[in-house]
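Let me begin by presenting the structure, written as structure tokens, before commenting on it.
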Amino acid sequence: MKIFLLNAPFLPKYSRCSRSPAVTKSGTIYYPIWLANATGYLEKHGHVCKLLDAPADGLSRKQVGDIVREFQPEMIVCDTTTPSIYSDIEVVTELKCQHPKAFVVLVGTHASALPEDTMALSASVDAIARHEYDDTLRELAENLQGLKSVAGIAGLTYRDDHGAVKSNPNRVFMADLDKIPFLSAVYKKHLNYKNYFYAHCRYPIISIFTSRGCTARCTFCMYPQTMFGQKHRARSPKNIADEFDYIAKNFPDVKDILVDDDTFSMNHEHASAVCNELIRRGNKLTWTCEVRASMQYETLKIMKQAGCRLVVVGYESYDQGVLNNIKKGITTKMMDRFAEDTRRAGMKVHACFMAGNPGDSRETLEKTFQFALRTKSDTAQFFPVLVYPGTEMYTQAKAEGRITANSFRDWLTNDGMHNSVVNMIDTMTTKDLLDWCDSARRRYYLRPSFMASKFVQLFTEPQEAVKTMKALVTFVRHLFRNVSDRSSALTEFNAEGFKDRSELHSVGIKNSAN
């Protein structure tokens with residue numbers, strides 16, 4: 001079967017695969033990882049696939065339409081996110097009109113969280129492959145090719161012969177992740193890796209996943225709750241090291257690998273086994289990964305020996321009551337120890353903080369900011385609390401009437417930046433939280449000591465210079481502007497992208513399911 005997998009046009013450099021999808025202040029744009037996983041898996045099972053990333057390639061709807069027309073697909077698979085959902089629906093509706101015989105399937109976080117509501121947005125959507133969708137798409141393609149019913153396919157929401165929307169039971173998560181082809185091999189065939197940039201990583205970069213699922217219970221975190229579950233499943237150390245070898249051979253100019261798992265260090269024994277295998281093979285590539293502040297020093301040390309240059313950690317808050325409220329599962333003592341251990345291990349850190357969690361106040365936020373200063377991280381980000389359908393915090397906020405948005409388009413500002421659409425505390429407005437994040441960012445990055453350290457780093461670590469200067473070009477344009485001054489929702493983008501269509505917006509946040 002000919003299958004077209006699309007990261008649809010929306011906003012320039014819009015990162016659908018981010019845990020908080022938006023246009024970033026640093027110019028970061030994510031790989032379409034899950035579409036790429038599915039592309040490789042479907043090709044492995046004999047299907048002819050084309051993967052297209054319109055935001056990364058800068059393609060308009062018309063250009064995408066021309067490429068689809070040339071490919072003549074039998075199935076069209078399109079990713080979705082909450083901020084882009086109305087535009088995503090418009091794109092697939094246009095493609096269905098041009099290719100009425102093609103079977104249109106939506107995937108991704110938003111469609112998985114609200115499948116019935118999403119199907120109601122357009123009759124052009126034939127089905128939704130919910131949550132982890134590799135095997136769902138494989139089985140769907142096989143059934144369509146064999147003219148079999150789709151009624152029994154686990155993980156599928158579809159229209160029956162009478163047009164009624166039906167949802168089959170969820171699919172059991174894949175146990176053996178080694179059977180999915182290397183993401184990097186899919187990138188080499190379908191994408192231009194020079195299009196992708198992560199502000200905390202060296203450039204050029206290849207982003208991969210070595211596991212799925214996370215055992216933590218953070219109420220705000222989107223991927224474990226909407227896509228891959230809260231059980232950790234990992235590729236074998238050999239399989240991971242094999243992909244490192246593949247990248248070294250096929251992308252000789254790549255300077256960094258981003259292991260973008262929800263938590264690479266979730267299983268310390270497995271993380272250490274991966275590192276030992278990389279060390280045994282003499283790995284020369286540097287890499288970056290996501291970790292929790294509960295990490296052990298010994299694991300950090302062996303990761304450093306295996307080539308890990310930076311870890312991304314979600315501290316969120318330095319107030320224990322706030323951490324407990326969001327079920328973070330760490331303590332401030334762990335955070336202090338982690339900050340000290342990363343310094344001892346010689347590991348760079350990108351620190352993540354959230355403002356406006358239940359229990360937050362101006363006092364707790366200032367305490368968090370002072371902790372951020374003490375950690376002396378390489379980089380830091382300060383976000384307002386962001387809630388997405390399918391997460392526990394979204395359900396809580398909706399039940400308490402704390403969501404301020406009128407429709408899903410409100411998740412972004414006019415220029416596609418993160419917007420605050422929820423007020424989880426009574427002492428600060430959403431505007432206050434946005435302004436606090438902007439102020440914290442300026443206070444953090446405009447310190448003379450921080451600027452001096454970055455200036456020195458340009459000369460002492462020239463390999464860091466490219467990513468620093470590349471991020472700075474975009475970041476400096478936003479540093480002195482407050483998001484709240486431009487936080488009204490998107491009303492239109494351009495002739496090729498988002499348009500305000502009331503028939504789409506009539507199904508929005510106010511009547512969506514929990």
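To be explicit about the labels: the chains of the structure tokens are called A, B, and onward in the order shown, and within each one the residues are counted from 1, while ligands get numbers from 1 in the order they are shown.
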_Just want the 8 Å neighbourhood of Pro181 in chain A, counted on only C-alpha atoms, with same-chain residues fewer than 4 positions away dropped. Output as a list in words._
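Final neighbour list, sorted by chain and number: Asn37, Gly40, Tyr41, Lys44, Ala185 and Val186 of chain A.
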Prev. selection, N, CA and C atoms, output as a CSV table (one decimal), in the first residue's frame:
```
chain,number,residue,atom,x,y,z
A,37,ASN,N,9.0,6.9,13.2
A,37,ASN,CA,9.0,5.6,13.7
A,37,ASN,C,8.0,4.7,12.9
A,40,GLY,N,9.2,4.0,9.2
A,40,GLY,CA,10.1,2.8,9.1
A,40,GLY,C,9.5,1.5,9.4
A,41,TYR,N,8.5,1.5,10.3
A,41,TYR,CA,7.9,0.2,10.7
A,41,TYR,C,7.0,-0.3,9.5
A,44,LYS,N,9.1,-1.5,6.7
A,44,LYS,CA,9.7,-2.8,7.1
A,44,LYS,C,8.6,-3.9,6.7
A,185,ALA,N,17.8,6.1,10.2
A,185,ALA,CA,17.8,5.5,8.9
A,185,ALA,C,16.6,6.1,8.1
A,186,VAL,N,15.5,6.3,8.8
A,186,VAL,CA,14.3,7.0,8.2
A,186,VAL,C,14.6,8.4,7.9
```
*Write out as an NGL selection string which residues come within 10 Å of Thr430 in chain A when counting only C-alpha atoms, dropping same-chain ones fewer than 2 positions away.*
:A and (355-356 or 384-385 or 404 or 419-426 or 428 or 432-436 or 484)
Save out the residues we just selected, C-alpha atoms, as an mmCIF file, in the first residue's frame.
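This went into out-v6.cif:
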```cif
data_model
loop_
_atom_site.group_PDB
_atom_site.id
_atom_site.type_symbol
_atom_site.label_atom_id
_atom_site.label_comp_id
_atom_site.auth_asym_id
_atom_site.auth_seq_id
_atom_site.Cartn_x
_atom_site.Cartn_y
_atom_site.Cartn_z
ATOM 1 C CA ALA A 355 5.089 28.688 36.974
ATOM 2 C CA GLY A 356 1.485 28.488 38.148
ATOM 3 C CA PRO A 384 3.760 28.927 32.531
ATOM 4 C CA VAL A 385 1.890 25.763 33.425
ATOM 5 C CA THR A 404 -9.591 30.379 30.321
ATOM 6 C CA ASN A 419 0.016 30.977 25.750
ATOM 7 C CA SER A 420 -1.296 30.417 29.244
ATOM 8 C CA VAL A 421 -4.858 29.064 29.077
ATOM 9 C CA VAL A 422 -5.320 27.914 32.658
ATOM 10 C CA ASN A 423 -5.327 29.561 36.056
ATOM 11 C CA MET A 424 -4.500 26.884 38.650
ATOM 12 C CA ILE A 425 -3.852 29.393 41.462
ATOM 13 C CA ASP A 426 -5.950 32.252 42.823
ATOM 14 C CA MET A 428 -1.924 35.412 40.171
ATOM 15 C CA ASP A 432 0.860 37.621 35.801
ATOM 16 C CA LEU A 433 2.296 34.154 35.159
ATOM 17 C CA LEU A 434 3.295 34.963 31.587
ATOM 18 C CA ASP A 435 4.947 38.168 32.757
ATOM 19 C CA TRP A 436 6.746 36.338 35.569
ATOM 20 C CA SER A 484 1.244 38.660 27.499
#
```
At a cut-off of 9 Å, using only C-alpha atoms, what residues contact Leu183 in chain A? Leave out same-chain residues fewer than 6 positions from it and give the result as a compact mmCIF listing (two decimals) with N, CA and C atoms, in the first residue's frame.
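Saved as part-v3.txt:
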```txt
# COMPACT_ATOMS: atom_id res chain seq x y z
N ILE A 33 9.28 12.64 15.18
CA ILE A 33 9.81 11.34 15.60
C ILE A 33 8.81 10.21 15.44
N ALA A 36 8.06 9.30 11.96
CA ALA A 36 9.22 8.63 11.39
C ALA A 36 9.31 7.18 11.87
N ASN A 37 9.04 6.94 13.16
CA ASN A 37 8.97 5.56 13.66
C ASN A 37 7.98 4.73 12.85
N GLY A 40 9.20 3.96 9.21
CA GLY A 40 10.14 2.84 9.13
C GLY A 40 9.48 1.50 9.37
N ILE A 206 21.05 14.69 15.53
CA ILE A 206 20.09 13.63 15.25
C ILE A 206 19.36 13.32 16.55
N SER A 207 18.04 13.29 16.51
CA SER A 207 17.24 13.00 17.70
C SER A 207 16.66 11.59 17.58
N ILE A 208 16.84 10.80 18.63
CA ILE A 208 16.31 9.43 18.65
C ILE A 208 15.59 9.17 19.97
N PHE A 209 14.85 8.09 20.02
CA PHE A 209 14.25 7.60 21.26
C PHE A 209 14.79 6.20 21.52
N GLU A 243 22.65 1.86 16.73
CA GLU A 243 22.19 3.09 16.07
C GLU A 243 23.22 4.20 16.21
```
*Hey, what's within 9 Å of Phe197 in chain A if we count only C-alpha atoms and toss same-chain stuff fewer than 3 positions away? As a VMD selection string, please?*
chain A and resid 27 to 31 193 to 194 200 to 205 467 470 to 471
N, CA and C atoms of the current selection, written as a PDB file, in the first residue's frame:
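Output contents, as saved in result.pdb:
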```pdb
ATOM      1  N   GLY A  27      14.243  29.064  18.471  1.00  0.00           N
ATOM      2  CA  GLY A  27      14.385  28.538  17.116  1.00  0.00           C
ATOM      3  C   GLY A  27      14.414  27.022  17.053  1.00  0.00           C
ATOM      4  N   THR A  28      14.200  26.360  18.191  1.00  0.00           N
ATOM      5  CA  THR A  28      14.184  24.899  18.214  1.00  0.00           C
ATOM      6  C   THR A  28      13.057  24.361  17.337  1.00  0.00           C
ATOM      7  N   ILE A  29      13.364  23.355  16.545  1.00  0.00           N
ATOM      8  CA  ILE A  29      12.320  22.641  15.799  1.00  0.00           C
ATOM      9  C   ILE A  29      12.610  21.150  15.867  1.00  0.00           C
ATOM     10  N   TYR A  30      11.615  20.417  16.348  1.00  0.00           N
ATOM     11  CA  TYR A  30      11.760  18.985  16.618  1.00  0.00           C
ATOM     12  C   TYR A  30      11.608  18.142  15.354  1.00  0.00           C
ATOM     13  N   TYR A  31      12.281  17.003  15.338  1.00  0.00           N
ATOM     14  CA  TYR A  31      12.019  15.977  14.333  1.00  0.00           C
ATOM     15  C   TYR A  31      10.598  15.418  14.528  1.00  0.00           C
ATOM     16  N   TYR A 193      18.229  16.472   7.608  1.00  0.00           N
ATOM     17  CA  TYR A 193      18.555  16.607   9.035  1.00  0.00           C
ATOM     18  C   TYR A 193      19.099  17.984   9.392  1.00  0.00           C
ATOM     19  N   LYS A 194      19.530  18.759   8.386  1.00  0.00           N
ATOM     20  CA  LYS A 194      20.020  20.118   8.661  1.00  0.00           C
ATOM     21  C   LYS A 194      18.870  21.065   9.022  1.00  0.00           C
ATOM     22  N   HIS A 200      19.568  23.496  23.148  1.00  0.00           N
ATOM     23  CA  HIS A 200      20.481  23.013  24.182  1.00  0.00           C
ATOM     24  C   HIS A 200      21.444  21.951  23.652  1.00  0.00           C
ATOM     25  N   CYS A 201      21.396  21.675  22.351  1.00  0.00           N
ATOM     26  CA  CYS A 201      22.236  20.635  21.760  1.00  0.00           C
ATOM     27  C   CYS A 201      23.156  21.222  20.690  1.00  0.00           C
ATOM     28  N   ARG A 202      24.269  20.558  20.486  1.00  0.00           N
ATOM     29  CA  ARG A 202      25.168  20.970  19.410  1.00  0.00           C
ATOM     30  C   ARG A 202      24.521  20.704  18.056  1.00  0.00           C
ATOM     31  N   TYR A 203      24.907  21.486  17.074  1.00  0.00           N
ATOM     32  CA  TYR A 203      24.320  21.400  15.733  1.00  0.00           C
ATOM     33  C   TYR A 203      25.413  21.033  14.726  1.00  0.00           C
ATOM     34  N   PRO A 204      25.073  20.156  13.761  1.00  0.00           N
ATOM     35  CA  PRO A 204      23.819  19.442  13.477  1.00  0.00           C
ATOM     36  C   PRO A 204      23.579  18.309  14.483  1.00  0.00           C
ATOM     37  N   ILE A 205      22.317  17.915  14.581  1.00  0.00           N
ATOM     38  CA  ILE A 205      21.910  16.945  15.582  1.00  0.00           C
ATOM     39  C   ILE A 205      20.971  15.897  14.994  1.00  0.00           C
ATOM     40  N   LYS A 467      25.753  26.249  18.259  1.00  0.00           N
ATOM     41  CA  LYS A 467      24.392  26.152  18.790  1.00  0.00           C
ATOM     42  C   LYS A 467      24.045  27.386  19.611  1.00  0.00           C
ATOM     43  N   LYS A 470      23.416  30.278  17.124  1.00  0.00           N
ATOM     44  CA  LYS A 470      22.210  29.994  16.335  1.00  0.00           C
ATOM     45  C   LYS A 470      20.959  30.251  17.166  1.00  0.00           C
ATOM     46  N   ALA A 471      20.978  29.842  18.443  1.00  0.00           N
ATOM     47  CA  ALA A 471      19.838  30.084  19.324  1.00  0.00           C
ATOM     48  C   ALA A 471      19.706  31.561  19.657  1.00  0.00           C
TER      49      ALA A 471
END
```
_Quick one: residues within 12 Å of Glu269 in chain A, only C-alpha atoms, excluding same-chain residues fewer than 6 positions away - as a list in words?_
Ala234, Ser236, Pro237, Cys275, Asn276, Met295, Gln296, Glu298, Thr299, Leu300, Ile302 and Met303 of chain A
*Long-range neighbours of Asp126 in chain A as a list in words, 8 Å cut-off, only C-alpha atoms, 2 positions minimum in chain*: Phe103, Val104, Val105, Met119, Ala123, Ser124, Ile128, Tyr158 and Arg159 of chain A
*Output as a PyMOL selection string all residues of range 367-422 of chain A that backbone DSSP marks as alpha helix (DSSP H).*
chain A and resi 367-375+392-399
Please produce a file of the residues just selected, as a PDB file, in the first residue's frame, where the atoms kept are C-alpha atoms.
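Contents of the output file selection-v7.pdb:
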```
ATOM      1  CA  LYS A 367      12.122  30.570  45.886  1.00  0.00           C
ATOM      2  CA  THR A 368      12.218  28.517  42.680  1.00  0.00           C
ATOM      3  CA  PHE A 369      14.033  31.280  40.818  1.00  0.00           C
ATOM      4  CA  GLN A 370      16.676  31.600  43.511  1.00  0.00           C
ATOM      5  CA  PHE A 371      17.250  27.849  43.264  1.00  0.00           C
ATOM      6  CA  ALA A 372      17.633  28.232  39.493  1.00  0.00           C
ATOM      7  CA  LEU A 373      20.390  30.786  40.097  1.00  0.00           C
ATOM      8  CA  ARG A 374      22.181  28.500  42.566  1.00  0.00           C
ATOM      9  CA  THR A 375      22.254  25.558  40.157  1.00  0.00           C
ATOM     10  CA  GLU A 392      -4.692  14.631  34.787  1.00  0.00           C
ATOM     11  CA  MET A 393      -4.045  18.348  35.241  1.00  0.00           C
ATOM     12  CA  TYR A 394      -6.263  19.212  32.256  1.00  0.00           C
ATOM     13  CA  THR A 395      -9.082  17.112  33.685  1.00  0.00           C
ATOM     14  CA  GLN A 396      -8.662  18.774  37.075  1.00  0.00           C
ATOM     15  CA  ALA A 397      -8.565  22.284  35.586  1.00  0.00           C
ATOM     16  CA  LYS A 398     -11.615  21.651  33.420  1.00  0.00           C
ATOM     17  CA  ALA A 399     -13.613  20.227  36.331  1.00  0.00           C
TER      18      ALA A 399
END
```
